[in-house]
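K.L.:
Coordinates in query_17.pdb, PDB, C-alpha atoms, are listed below.
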MODEL        1
ATOM      1  CA  MET A   1      32.749   1.438  22.445
ATOM      2  CA  LYS A   2      35.151  -1.291  21.359
ATOM      3  CA  LYS A   3      34.996  -2.132  17.655
ATOM      4  CA  ILE A   4      34.998  -5.722  16.524
ATOM      5  CA  LYS A   5      35.932  -6.933  13.067
ATOM      6  CA  ASP A   6      34.328  -9.785  11.182
ATOM      7  CA  LYS A   7      36.234 -12.179   8.912
ATOM      8  CA  LYS A   8      36.032  -9.741   6.007
ATOM      9  CA  GLY A   9      37.469  -6.945   8.129
ATOM     10  CA  LYS A  10      34.183  -5.082   8.424
ATOM     11  CA  GLU A  11      33.893  -3.200  11.720
ATOM     12  CA  PHE A  12      30.866  -3.282  13.957
ATOM     13  CA  SER A  13      30.079  -2.568  17.587
ATOM     14  CA  LEU A  14      27.606  -3.708  20.199
ATOM     15  CA  GLN A  15      24.838  -1.348  21.250
ATOM     16  CA  VAL A  16      22.872  -2.098  24.407
ATOM     17  CA  ILE A  17      19.370  -0.643  24.620
ATOM     18  CA  PRO A  18      17.791  -0.680  28.087
ATOM     19  CA  PHE A  19      14.104  -1.619  28.194
ATOM     20  CA  ALA A  20      13.216   1.786  29.659
ATOM     21  CA  GLU A  21      14.598   3.476  26.558
ATOM     22  CA  VAL A  22      12.073   1.822  24.228
ATOM     23  CA  GLU A  23       9.207   1.190  26.643
ATOM     24  CA  GLU A  24       7.269   4.320  25.725
ATOM     25  CA  LEU A  25       7.941   4.171  21.982
ATOM     26  CA  THR A  26       5.303   3.180  19.417
ATOM     27  CA  ILE A  27       5.851   0.055  17.294
ATOM     28  CA  SER A  28       7.055   2.193  14.374
ATOM     29  CA  GLU A  29       9.478   4.153  16.559
ATOM     30  CA  ARG A  30      10.915   1.007  18.166
ATOM     31  CA  VAL A  31      11.419  -0.736  14.841
ATOM     32  CA  LYS A  32      12.932   2.402  13.291
ATOM     33  CA  LYS A  33      15.332   2.815  16.207
ATOM     34  CA  ILE A  34      16.509  -0.781  15.864
ATOM     35  CA  LEU A  35      16.883  -0.654  12.079
ATOM     36  CA  ASP A  36      18.737   2.679  12.168
ATOM     37  CA  LEU A  37      21.309   1.055  14.463
ATOM     38  CA  ILE A  38      21.537  -2.084  12.302
ATOM     39  CA  LEU A  39      22.177   0.049   9.210
ATOM     40  CA  ALA A  40      24.992   1.709  11.155
ATOM     41  CA  ASN A  41      26.562  -1.784  11.533
ATOM     42  CA  LYS A  42      25.684  -2.229  15.184
ATOM     43  CA  ILE A  43      24.645  -5.429  16.867
ATOM     44  CA  VAL A  44      21.719  -4.454  19.055
ATOM     45  CA  ILE A  45      21.229  -6.030  22.462
ATOM     46  CA  LEU A  46      17.787  -5.060  23.646
ATOM     47  CA  HIS A  47      16.807  -5.618  27.251
ATOM     48  CA  GLY A  48      13.422  -7.219  26.824
ATOM     49  CA  ARG A  49      11.575  -8.833  24.008
ATOM     50  CA  LEU A  50       9.525  -7.416  21.191
ATOM     51  CA  ARG A  51       5.870  -8.348  21.000
ATOM     52  CA  ALA A  52       4.978 -10.854  18.266
ATOM     53  CA  GLU A  53       3.406  -8.078  16.167
ATOM     54  CA  GLU A  54       6.563  -5.979  16.587
ATOM     55  CA  GLU A  55       8.735  -8.859  15.408
ATOM     56  CA  ALA A  56       6.507  -9.190  12.329
ATOM     57  CA  ARG A  57       6.723  -5.437  11.731
ATOM     58  CA  LEU A  58      10.502  -5.598  12.115
ATOM     59  CA  ILE A  59      10.653  -8.291   9.418
ATOM     60  CA  GLU A  60       8.328  -6.286   7.147
ATOM     61  CA  ASP A  61      10.383  -3.105   7.471
ATOM     62  CA  THR A  62      13.617  -5.077   7.098
ATOM     63  CA  MET A  63      12.369  -6.487   3.789
ATOM     64  CA  ALA A  64      11.426  -3.010   2.577
ATOM     65  CA  LEU A  65      14.983  -1.884   3.388
ATOM     66  CA  VAL A  66      16.569  -4.896   1.644
ATOM     67  CA  ASP A  67      14.674  -3.760  -1.410
ATOM     68  CA  HIS A  68      15.973  -0.203  -1.226
ATOM     69  CA  VAL A  69      19.359  -0.185   0.479
ATOM     70  CA  GLU A  70      22.303  -1.488  -1.515
ATOM     71  CA  GLN A  71      24.339  -4.199   0.299
ATOM     72  CA  PHE A  72      21.708  -4.614   3.039
ATOM     73  CA  LYS A  73      20.725  -8.298   3.148
ATOM     74  CA  GLY A  74      18.514  -8.342   6.201
ATOM     75  CA  ILE A  75      18.877  -9.213   9.861
ATOM     76  CA  GLU A  76      19.592 -12.042  12.249
ATOM     77  CA  LEU A  77      17.318 -12.031  15.266
ATOM     78  CA  ALA A  78      17.325 -14.105  18.436
ATOM     79  CA  VAL A  79      15.558 -13.905  21.772
ATOM     80  CA  ILE A  80      17.314 -15.253  24.844
ATOM     81  CA  GLU A  81      14.857 -16.185  27.532
ATOM     82  CA  PRO A  82      15.380 -16.735  31.247
ATOM     83  CA  ASP A  83      16.032 -20.384  31.994
ATOM     84  CA  MET A  84      12.634 -22.081  32.077
ATOM     85  CA  ARG A  85      13.931 -25.643  32.097
ATOM     86  CA  GLU A  86      13.259 -26.062  35.805
ATOM     87  CA  LYS A  87       9.624 -25.077  35.364
ATOM     88  CA  GLY A  88       6.797 -27.496  34.667
ATOM     89  CA  PHE A  89       4.940 -27.860  31.397
ATOM     90  CA  ILE A  90       1.992 -25.630  32.366
ATOM     91  CA  ASP A  91       4.304 -22.835  33.544
ATOM     92  CA  ARG A  92       6.322 -23.015  30.348
ATOM     93  CA  MET A  93       3.171 -22.928  28.243
ATOM     94  CA  LYS A  94       1.732 -19.950  30.155
ATOM     95  CA  TYR A  95       5.054 -18.150  29.956
ATOM     96  CA  GLY A  96       5.415 -18.812  26.241
ATOM     97  CA  LEU A  97       1.944 -17.524  25.482
ATOM     98  CA  ALA A  98       2.240 -14.476  27.713
ATOM     99  CA  LYS A  99       5.604 -13.367  26.379
ATOM    100  CA  SER A 100       4.454 -13.520  22.771
ATOM    101  CA  LEU A 101       1.416 -11.396  23.545
ATOM    102  CA  VAL A 102       2.777  -8.673  25.774
ATOM    103  CA  GLY A 103       6.512  -8.616  25.267
ATOM    104  CA  ASP A 104       8.822  -9.356  28.134
ATOM    105  CA  SER A 105      11.441  -7.311  29.943
ATOM    106  CA  SER A 106      13.267 -10.323  31.433
ATOM    107  CA  SER A 107      14.477 -11.565  28.047
ATOM    108  CA  LEU A 108      17.311 -10.337  25.862
ATOM    109  CA  THR A 109      16.844  -9.717  22.164
ATOM    110  CA  ILE A 110      19.856  -9.762  19.888
ATOM    111  CA  ILE A 111      19.515  -8.266  16.435
ATOM    112  CA  GLY A 112      22.331  -7.846  13.964
ATOM    113  CA  PRO A 113      22.872  -7.233  10.269
ATOM    114  CA  ALA A 114      22.759 -10.480   8.275
ATOM    115  CA  SER A 115      25.866  -9.404   6.358
ATOM    116  CA  VAL A 116      27.825  -9.510   9.625
ATOM    117  CA  ILE A 117      26.124 -12.305  11.537
ATOM    118  CA  LYS A 118      25.664 -15.566   9.693
ATOM    119  CA  ASP A 119      23.714 -17.236  12.431
ATOM    120  CA  ILE A 120      22.810 -16.905  16.099
ATOM    121  CA  LYS A 121      22.735 -20.203  17.935
ATOM    122  CA  LYS A 122      20.767 -20.143  21.133
ATOM    123  CA  ASP A 123      20.976 -21.919  24.407
ATOM    124  CA  PRO A 124      19.103 -20.621  27.480
ATOM    125  CA  LYS A 125      22.444 -19.983  29.185
ATOM    126  CA  LYS A 126      24.567 -18.738  26.314
ATOM    127  CA  ILE A 127      24.483 -17.412  22.813
ATOM    128  CA  GLU A 128      26.895 -17.885  19.982
ATOM    129  CA  LEU A 129      27.232 -15.504  17.082
ATOM    130  CA  PHE A 130      28.599 -16.939  13.871
ATOM    131  CA  PHE A 131      30.147 -14.283  11.673
ATOM    132  CA  SER A 132      30.027 -14.115   7.912
TER     133      SER A 132
ATOM    134  CA  MET B   1     -31.083 -23.595  -3.173
ATOM    135  CA  PHE B   2     -29.076 -26.415  -1.582
ATOM    136  CA  ASP B   3     -26.102 -24.061  -1.086
ATOM    137  CA  ILE B   4     -28.303 -21.490   0.677
ATOM    138  CA  LEU B   5     -29.696 -24.195   2.962
ATOM    139  CA  LYS B   6     -26.171 -25.475   3.661
ATOM    140  CA  LYS B   7     -24.961 -21.975   4.558
ATOM    141  CA  PHE B   8     -28.036 -21.394   6.741
ATOM    142  CA  LEU B   9     -27.506 -24.654   8.623
ATOM    143  CA  GLY B  10     -23.820 -23.835   8.898
ATOM    144  CA  LYS B  11     -24.699 -20.536  10.553
ATOM    145  CA  ILE B  12     -27.196 -22.156  12.931
ATOM    146  CA  PHE B  13     -24.662 -24.733  14.053
ATOM    147  CA  GLY B  14     -21.916 -22.159  14.136
ATOM    148  CA  ARG B  15     -19.933 -23.881  11.387
ATOM    149  CA  LYS B  16     -18.171 -21.751   8.825
ATOM    150  CA  ASN B  17     -18.017 -22.744   5.233
ATOM    151  CA  ASN B  18     -15.203 -21.792   2.891
ATOM    152  CA  ILE B  19     -12.701 -21.483   5.732
ATOM    153  CA  LYS B  20      -9.647 -19.470   4.749
ATOM    154  CA  LEU B  21      -6.823 -21.905   5.448
ATOM    155  CA  GLY B  22      -3.351 -20.366   5.262
ATOM    156  CA  PHE B  23      -0.078 -22.213   4.765
ATOM    157  CA  TYR B  24       2.709 -20.402   6.568
ATOM    158  CA  GLY B  25       6.307 -21.218   7.366
ATOM    159  CA  PRO B  26       9.924 -20.555   6.462
ATOM    160  CA  PRO B  27      11.119 -20.883   2.843
ATOM    161  CA  ASN B  28      11.486 -24.394   1.408
ATOM    162  CA  ALA B  29       9.562 -26.138   4.175
ATOM    163  CA  GLY B  30       7.070 -27.533   1.652
ATOM    164  CA  LYS B  31       4.042 -25.238   1.981
ATOM    165  CA  THR B  32       3.241 -25.344  -1.726
ATOM    166  CA  SER B  33       3.963 -29.079  -1.934
ATOM    167  CA  LEU B  34       1.401 -29.682   0.817
ATOM    168  CA  ALA B  35      -1.148 -27.246  -0.642
ATOM    169  CA  ASN B  36      -0.627 -28.898  -4.047
ATOM    170  CA  ARG B  37      -1.203 -32.356  -2.613
ATOM    171  CA  ILE B  38      -4.486 -31.271  -0.987
ATOM    172  CA  CYS B  39      -5.680 -29.348  -4.063
ATOM    173  CA  LYS B  40      -4.741 -32.222  -6.385
ATOM    174  CA  ASP B  41      -6.540 -34.721  -4.127
ATOM    175  CA  TRP B  42      -9.794 -32.738  -4.095
ATOM    176  CA  THR B  43      -9.867 -30.527  -7.201
ATOM    177  CA  GLY B  44      -7.478 -32.296  -9.572
ATOM    178  CA  GLU B  45      -5.436 -29.090  -9.964
ATOM    179  CA  GLU B  46      -2.332 -27.796  -8.223
ATOM    180  CA  ILE B  47      -1.991 -24.374  -6.612
ATOM    181  CA  GLY B  48       1.582 -23.444  -7.595
ATOM    182  CA  LEU B  49       5.036 -24.444  -8.728
ATOM    183  CA  VAL B  50       7.599 -26.053  -6.421
ATOM    184  CA  SER B  51      11.375 -25.882  -6.639
ATOM    185  CA  LYS B  52      14.529 -26.747  -4.712
ATOM    186  CA  ILE B  53      15.524 -23.089  -4.957
ATOM    187  CA  PRO B  54      14.194 -21.170  -1.938
ATOM    188  CA  HIS B  55      11.488 -18.523  -2.430
ATOM    189  CA  GLU B  56       9.832 -20.230  -5.392
ATOM    190  CA  THR B  57       6.493 -18.883  -4.107
ATOM    191  CA  ARG B  58       6.806 -15.109  -4.156
ATOM    192  CA  THR B  59       3.166 -14.065  -4.238
ATOM    193  CA  VAL B  60       0.180 -15.302  -2.252
ATOM    194  CA  GLN B  61      -1.637 -18.035  -4.226
ATOM    195  CA  PHE B  62      -5.238 -19.150  -3.828
ATOM    196  CA  LYS B  63      -7.477 -22.056  -4.600
ATOM    197  CA  GLU B  64     -11.143 -21.346  -4.006
ATOM    198  CA  LYS B  65     -13.721 -23.842  -2.785
ATOM    199  CA  VAL B  66     -11.663 -26.914  -2.080
ATOM    200  CA  GLU B  67     -14.198 -29.454  -0.802
ATOM    201  CA  ILE B  68     -12.572 -32.037   1.428
ATOM    202  CA  LYS B  69     -14.486 -35.201   2.306
ATOM    203  CA  HIS B  70     -13.025 -37.227   5.129
ATOM    204  CA  LYS B  71     -14.538 -40.028   7.207
ATOM    205  CA  GLY B  72     -18.092 -39.075   6.277
ATOM    206  CA  LYS B  73     -17.583 -35.362   6.928
ATOM    207  CA  GLU B  74     -17.335 -32.600   4.375
ATOM    208  CA  MET B  75     -15.868 -29.130   4.597
ATOM    209  CA  THR B  76     -15.044 -26.390   2.104
ATOM    210  CA  PHE B  77     -11.805 -24.437   2.324
ATOM    211  CA  LYS B  78     -10.226 -21.533   0.520
ATOM    212  CA  MET B  79      -6.547 -22.471   0.327
ATOM    213  CA  VAL B  80      -4.088 -19.610   0.756
ATOM    214  CA  ASP B  81      -0.485 -20.559   0.016
ATOM    215  CA  THR B  82       1.966 -17.880   1.173
ATOM    216  CA  PRO B  83       5.611 -17.036   0.409
ATOM    217  CA  GLY B  84       8.066 -18.304   3.035
ATOM    218  CA  ILE B  85       8.937 -15.828   5.774
ATOM    219  CA  ALA B  86      12.614 -15.019   6.360
ATOM    220  CA  THR B  87      14.604 -12.227   8.013
ATOM    221  CA  LYS B  88      17.233 -12.014   5.293
ATOM    222  CA  ILE B  89      17.357 -12.264   1.519
ATOM    223  CA  ASP B  90      20.637 -12.421  -0.341
ATOM    224  CA  TYR B  91      20.547 -12.791  -4.112
ATOM    225  CA  GLU B  92      23.971 -14.492  -3.923
ATOM    226  CA  ASP B  93      22.290 -17.476  -2.235
ATOM    227  CA  PHE B  94      20.359 -18.068  -5.470
ATOM    228  CA  LEU B  95      23.543 -18.031  -7.557
ATOM    229  CA  LYS B  96      24.527 -21.309  -5.860
ATOM    230  CA  PHE B  97      21.557 -22.914  -7.604
ATOM    231  CA  GLY B  98      22.875 -21.856 -11.005
ATOM    232  CA  LEU B  99      20.705 -18.768 -11.493
ATOM    233  CA  LYS B 100      22.202 -15.883 -13.438
ATOM    234  CA  LYS B 101      22.929 -12.706 -11.463
ATOM    235  CA  LYS B 102      20.136 -10.686 -13.078
ATOM    236  CA  ILE B 103      17.545 -13.410 -12.463
ATOM    237  CA  ALA B 104      18.823 -13.970  -8.922
ATOM    238  CA  LYS B 105      18.485 -10.244  -8.149
ATOM    239  CA  LYS B 106      14.957 -10.198  -9.571
ATOM    240  CA  ARG B 107      14.060 -13.258  -7.486
ATOM    241  CA  ALA B 108      15.469 -11.588  -4.343
ATOM    242  CA  LYS B 109      13.456  -8.423  -4.987
ATOM    243  CA  GLU B 110      10.260 -10.417  -5.521
ATOM    244  CA  ALA B 111      10.999 -12.516  -2.432
ATOM    245  CA  THR B 112      11.211  -9.429  -0.190
ATOM    246  CA  GLN B 113       7.824  -8.280  -1.485
ATOM    247  CA  GLY B 114       6.440 -11.783  -0.952
ATOM    248  CA  ILE B 115       7.481 -11.801   2.702
ATOM    249  CA  ILE B 116       5.785  -8.450   3.277
ATOM    250  CA  GLU B 117       2.648  -9.773   1.558
ATOM    251  CA  SER B 118       2.657 -12.956   3.693
ATOM    252  CA  ILE B 119       2.803 -10.958   6.912
ATOM    253  CA  ARG B 120       0.021  -8.607   5.783
ATOM    254  CA  TRP B 121      -2.232 -11.580   4.994
ATOM    255  CA  LEU B 122      -1.962 -12.959   8.539
ATOM    256  CA  ASP B 123      -4.987 -10.970   9.711
ATOM    257  CA  ASP B 124      -7.209 -12.467   7.015
ATOM    258  CA  MET B 125      -6.765 -16.123   7.912
ATOM    259  CA  ASP B 126      -9.405 -18.230   9.659
ATOM    260  CA  ALA B 127      -6.934 -21.025  10.462
ATOM    261  CA  VAL B 128      -3.311 -21.703   9.613
ATOM    262  CA  VAL B 129      -1.195 -24.752   8.906
ATOM    263  CA  VAL B 130       2.358 -23.910   9.978
ATOM    264  CA  VAL B 131       4.564 -26.013   7.727
ATOM    265  CA  LEU B 132       8.062 -26.677   9.070
ATOM    266  CA  ASP B 133      10.921 -28.742   7.712
ATOM    267  CA  ALA B 134      11.311 -31.896   9.834
ATOM    268  CA  THR B 135      15.022 -32.046   8.961
ATOM    269  CA  GLU B 136      15.744 -28.580  10.395
ATOM    270  CA  ASN B 137      15.935 -27.356  13.991
ATOM    271  CA  PRO B 138      12.387 -26.113  14.740
ATOM    272  CA  TYR B 139      13.620 -23.642  17.385
ATOM    273  CA  SER B 140      14.265 -20.783  15.004
ATOM    274  CA  GLN B 141      13.243 -17.209  15.592
ATOM    275  CA  VAL B 142      11.219 -17.070  12.361
ATOM    276  CA  ASN B 143       9.157 -20.104  13.421
ATOM    277  CA  LEU B 144       8.582 -18.594  16.855
ATOM    278  CA  THR B 145       7.638 -15.234  15.307
ATOM    279  CA  ILE B 146       5.116 -16.839  12.953
ATOM    280  CA  ILE B 147       3.502 -18.904  15.713
ATOM    281  CA  GLY B 148       3.600 -15.973  18.162
ATOM    282  CA  ASN B 149       1.752 -13.779  15.672
ATOM    283  CA  LEU B 150      -0.913 -16.405  15.083
ATOM    284  CA  ILE B 151      -1.419 -16.825  18.833
ATOM    285  CA  ALA B 152      -1.639 -13.035  19.270
ATOM    286  CA  ARG B 153      -4.325 -12.912  16.563
ATOM    287  CA  LYS B 154      -6.163 -15.895  18.113
ATOM    288  CA  ILE B 155      -5.934 -17.840  14.851
ATOM    289  CA  PRO B 156      -6.150 -21.641  15.319
ATOM    290  CA  ILE B 157      -2.905 -23.398  14.333
ATOM    291  CA  LEU B 158      -1.868 -26.826  13.166
ATOM    292  CA  VAL B 159       1.884 -27.473  13.208
ATOM    293  CA  VAL B 160       3.055 -29.843  10.497
ATOM    294  CA  ALA B 161       6.552 -31.312  10.285
ATOM    295  CA  ASN B 162       7.077 -32.017   6.598
ATOM    296  CA  LYS B 163       9.700 -34.171   4.835
ATOM    297  CA  ILE B 164       9.498 -37.125   7.245
ATOM    298  CA  ASP B 165      10.538 -39.298   4.301
ATOM    299  CA  LEU B 166      14.073 -37.921   4.681
ATOM    300  CA  LYS B 167      16.605 -39.682   6.938
ATOM    301  CA  LYS B 168      17.527 -36.473   8.766
ATOM    302  CA  ALA B 169      13.910 -35.882   9.870
ATOM    303  CA  ASN B 170      13.552 -35.629  13.643
ATOM    304  CA  ILE B 171       9.966 -35.277  14.747
ATOM    305  CA  GLU B 172      10.714 -35.673  18.484
ATOM    306  CA  GLN B 173      12.453 -32.313  18.624
ATOM    307  CA  PHE B 174       9.266 -30.680  17.296
ATOM    308  CA  SER B 175       7.183 -32.131  20.118
ATOM    309  CA  SER B 176       9.652 -30.853  22.697
ATOM    310  CA  THR B 177       9.883 -27.389  21.083
ATOM    311  CA  PHE B 178       6.120 -26.946  20.775
ATOM    312  CA  PRO B 179       4.716 -29.060  23.632
ATOM    313  CA  GLU B 180       1.402 -27.195  23.551
ATOM    314  CA  TYR B 181       0.613 -28.441  20.026
ATOM    315  CA  ASP B 182      -0.071 -31.785  18.425
ATOM    316  CA  ILE B 183       2.506 -32.156  15.697
ATOM    317  CA  VAL B 184       1.565 -34.017  12.543
ATOM    318  CA  GLY B 185       4.520 -35.488  10.687
ATOM    319  CA  ILE B 186       3.938 -35.854   6.962
ATOM    320  CA  SER B 187       5.668 -36.125   3.642
ATOM    321  CA  ALA B 188       3.794 -33.896   1.214
ATOM    322  CA  LYS B 189       5.986 -35.197  -1.587
ATOM    323  CA  GLU B 190       5.250 -38.880  -0.909
ATOM    324  CA  GLY B 191       1.745 -38.376   0.504
ATOM    325  CA  THR B 192       2.722 -40.046   3.782
ATOM    326  CA  ASN B 193       0.422 -39.686   6.802
ATOM    327  CA  MET B 194      -2.196 -37.622   4.956
ATOM    328  CA  GLU B 195      -5.036 -39.430   6.772
ATOM    329  CA  GLU B 196      -3.722 -38.143  10.102
ATOM    330  CA  PHE B 197      -3.286 -34.711   8.509
ATOM    331  CA  TYR B 198      -6.928 -34.600   7.352
ATOM    332  CA  ASP B 199      -8.074 -35.720  10.837
ATOM    333  CA  ALA B 200      -6.130 -32.767  12.249
ATOM    334  CA  ILE B 201      -7.502 -30.335   9.642
ATOM    335  CA  PHE B 202     -11.111 -31.187  10.556
ATOM    336  CA  LYS B 203     -10.248 -30.818  14.236
ATOM    337  CA  LEU B 204      -8.648 -27.436  13.450
ATOM    338  CA  ALA B 205     -11.689 -26.262  11.450
ATOM    339  CA  LYS B 206     -13.893 -26.874  14.491
ATOM    340  CA  LYS B 207     -11.903 -24.210  16.365
ATOM    341  CA  VAL B 208     -12.753 -21.534  13.767
TER     342      VAL B 208
ENDMDL
END
Reformat the file's structure so that it appears as C-alpha cells.
P.N.:
Amino acid sequence: MKKIKDKKGKEFSLQVIPFAEVEELTISERVKKILDLILANKIVILHGRLRAEEEARLIEDTMALVDHVEQFKGIELAVIEPDMREKGFIDRMKYGLAKSLVGDSSSLTIIGPASVIKDIKKDPKKIELFFS
Amino acid sequence: MFDILKKFLGKIFGRKNNIKLGFYGPPNAGKTSLANRICKDWTGEEIGLVSKIPHETRTVQFKEKVEIKHKGKEMTFKMVDTPGIATKIDYEDFLKFGLKKKIAKKRAKEATQGIIESIRWLDDMDAVVVVLDATENPYSQVNLTIIGNLIARKIPILVVANKIDLKKANIEQFSSTFPEYDIVGISAKEGTNMEEFYDAIFKLAKKV
C-alpha cells in the first residue's frame, strides 16, 4: 500500500474495508476494528455506513482512547452518500431516516485520525481531505 | 392534593408532566445559553456557566421542575443541559484561549468524559432540543450523528439555529439540510424569537 505523508511528515495509508468484512461483526467488534486501524495511522474507507448507534459508540470509544492514549486527539468522520439530489423531498426524507436506522451499504464512510486529517469537506460527488 | 389531581388528569389525557428535555449539540452552539435563558425566565436561576472557550459544560447539568406558562398553557420540564458532542479533543485548542497547559489538559480530559456522559444520557430523554450554531455549516457529521441517534431512539426533536443575532448566521441552509424539521432561529444571548421557540416547545411536548 502506498504511503502518504502529511505536512508534518507523518506517514499514513488508506485502508479499504469491504462491507462484507464487517457485516457480521457486533457493534463492539466493528468499532474496535476501525479504531485499531486509526491508531495504526490508517485512513479507513468503509464500504457502507455505520448505524446511528454505531456512530455514537464510535465517538464514545474514541473519547475513551483520547483519555488514555498519548498523542491521540480523536477522529474525523464523514459519510459520502449516493447522489440524492435528483430525488424528490419524500424520497430524500425516507432515505435519510432509513439509512440512520439500519445502516447502508451504498454509502462510503471515511474515518481518519484527527491528528492527520484536519477536516473532511463533503460533496455528494467528491470528498476533500484537509491535512493537519 | 392538587399535584396528585394534576398528575392523574395528566395520565388520563396522556400528557406527561416533568418532561425530561435535553439540550444536545456540538460544542459552543449555545446549549447552556439557551437553557439558562429558559431557566432564568421561569425559575429566576441559571443552569450553568457559559464561556467562549469550547467545552465549558463538561458534566450533565439539571434544573428540576421548570414550569413554563405560554399562551394560557402550562407545562413542567426537567431541563437537562449536556456537554457538546465532538469527535476530537485537543488540549492545544484551549491554549489559544490563553489557558495554561496544565489547565488545558485537565479541561480536555474532562471534556472527553463529558462527551461520553452526553451520549449515555440520550436514552433517558423524553424530548430533545438540538442546538446548532447558525453561523456554522449545519451539514456536519456530528450533527447528523446526534439527530440520527435521536431518530433511532424515537425521541421527538426540535432543531434550533442559535446566534441569529450574528451577521454570519444563515438560517436558509438549515432548512435545506434538515427539510423534514421546522427550524426555529433564535438568539439565546439576546432573547430573540423566544415566543416562537416556546410555541415549538409546547408542540414538541405534545409528541412525548
K.L.:
Expanded to explicit residues, what is the PyMOL selection byres ((chain B and resi 62-77) around 6) for this file, as a list in words?
P.N.:
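Listing what the PyMOL selection byres ((chain B and resi 62-77) around 6) selects in the shown file: Asn17, Asn18, Ile19, Lys20, Gln61, Lys78, Met79 and Val80 of chain B.
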K.L.:
Filtering to C-alpha atoms, could you give me those residues as a PDB file, keeping the file's coordinate frame?
P.N.:
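Output below, filename result_39.pdb:
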ATOM      1  CA  ASN B  17     -18.017 -22.744   5.233  1.00  0.00           C
ATOM      2  CA  ASN B  18     -15.203 -21.792   2.891  1.00  0.00           C
ATOM      3  CA  ILE B  19     -12.701 -21.483   5.732  1.00  0.00           C
ATOM      4  CA  LYS B  20      -9.647 -19.470   4.749  1.00  0.00           C
ATOM      5  CA  GLN B  61      -1.637 -18.035  -4.226  1.00  0.00           C
ATOM      6  CA  LYS B  78     -10.226 -21.533   0.520  1.00  0.00           C
ATOM      7  CA  MET B  79      -6.547 -22.471   0.327  1.00  0.00           C
ATOM      8  CA  VAL B  80      -4.088 -19.610   0.756  1.00  0.00           C
TER       9      VAL B  80
END
K.L.:
Could the centre and edge lengths of an axis-aligned box, enclosing all atoms of segment 80-91 of chain B in the file with 3 Å extra on each side, be given in Å to one decimal as AutoDock Vina command-line options?
P.N.:
--center_x 8.3 --center_y -16.3 --center_z 2.0 --size_x 30.7 --size_y 14.5 --size_z 18.1
K.L.:
Leaving out Lys118 of chain A and any residue of its chain fewer than 2 positions from it, which residues lie within 9 Å of it when counting all atoms listed in the file, given as a PDB file with C-alpha atoms, keeping the file's coordinate frame?
P.N.:
ATOM      1  CA  GLU A  76      19.592 -12.042  12.249  1.00  0.00           C
ATOM      2  CA  PRO A 113      22.872  -7.233  10.269  1.00  0.00           C
ATOM      3  CA  ALA A 114      22.759 -10.480   8.275  1.00  0.00           C
ATOM      4  CA  SER A 115      25.866  -9.404   6.358  1.00  0.00           C
ATOM      5  CA  VAL A 116      27.825  -9.510   9.625  1.00  0.00           C
ATOM      6  CA  ILE A 120      22.810 -16.905  16.099  1.00  0.00           C
ATOM      7  CA  LEU A 129      27.232 -15.504  17.082  1.00  0.00           C
ATOM      8  CA  PHE A 130      28.599 -16.939  13.871  1.00  0.00           C
ATOM      9  CA  PHE A 131      30.147 -14.283  11.673  1.00  0.00           C
ATOM     10  CA  SER A 132      30.027 -14.115   7.912  1.00  0.00           C
TER      11      SER A 132
END
K.L.:
I'd like to see the residues matched by the PyMOL selection byres ((chain B and resi 28) around 9) on this file, and ideally I'd get them as a PDB file with C-alpha atoms, keeping the file's coordinate frame.
P.N.:
ATOM      1  CA  GLY B  25       6.307 -21.218   7.366  1.00  0.00           C
ATOM      2  CA  PRO B  26       9.924 -20.555   6.462  1.00  0.00           C
ATOM      3  CA  PRO B  27      11.119 -20.883   2.843  1.00  0.00           C
ATOM      4  CA  ALA B  29       9.562 -26.138   4.175  1.00  0.00           C
ATOM      5  CA  GLY B  30       7.070 -27.533   1.652  1.00  0.00           C
ATOM      6  CA  LYS B  31       4.042 -25.238   1.981  1.00  0.00           C
ATOM      7  CA  THR B  32       3.241 -25.344  -1.726  1.00  0.00           C
ATOM      8  CA  VAL B  50       7.599 -26.053  -6.421  1.00  0.00           C
ATOM      9  CA  SER B  51      11.375 -25.882  -6.639  1.00  0.00           C
ATOM     10  CA  LYS B  52      14.529 -26.747  -4.712  1.00  0.00           C
ATOM     11  CA  ILE B  53      15.524 -23.089  -4.957  1.00  0.00           C
ATOM     12  CA  PRO B  54      14.194 -21.170  -1.938  1.00  0.00           C
ATOM     13  CA  HIS B  55      11.488 -18.523  -2.430  1.00  0.00           C
ATOM     14  CA  GLU B  56       9.832 -20.230  -5.392  1.00  0.00           C
ATOM     15  CA  GLY B  84       8.066 -18.304   3.035  1.00  0.00           C
ATOM     16  CA  LEU B 132       8.062 -26.677   9.070  1.00  0.00           C
ATOM     17  CA  ASP B 133      10.921 -28.742   7.712  1.00  0.00           C
TER      18      ASP B 133
END
K.L.:
At a cut-off of 12 Å, which residues of chain B touch chain A? Count only C-alpha atoms and give the answer as a PyMOL selection string.
P.N.:
chain B and resi 85-93+105-123+137+139-154+176-181
K.L.:
Please measure the separation of atom CA of Lys102 of chain B and atom CA of Lys10 of chain A, giving the value in Å to one decimal.
P.N.:
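A separation of 26.3 Å between them.
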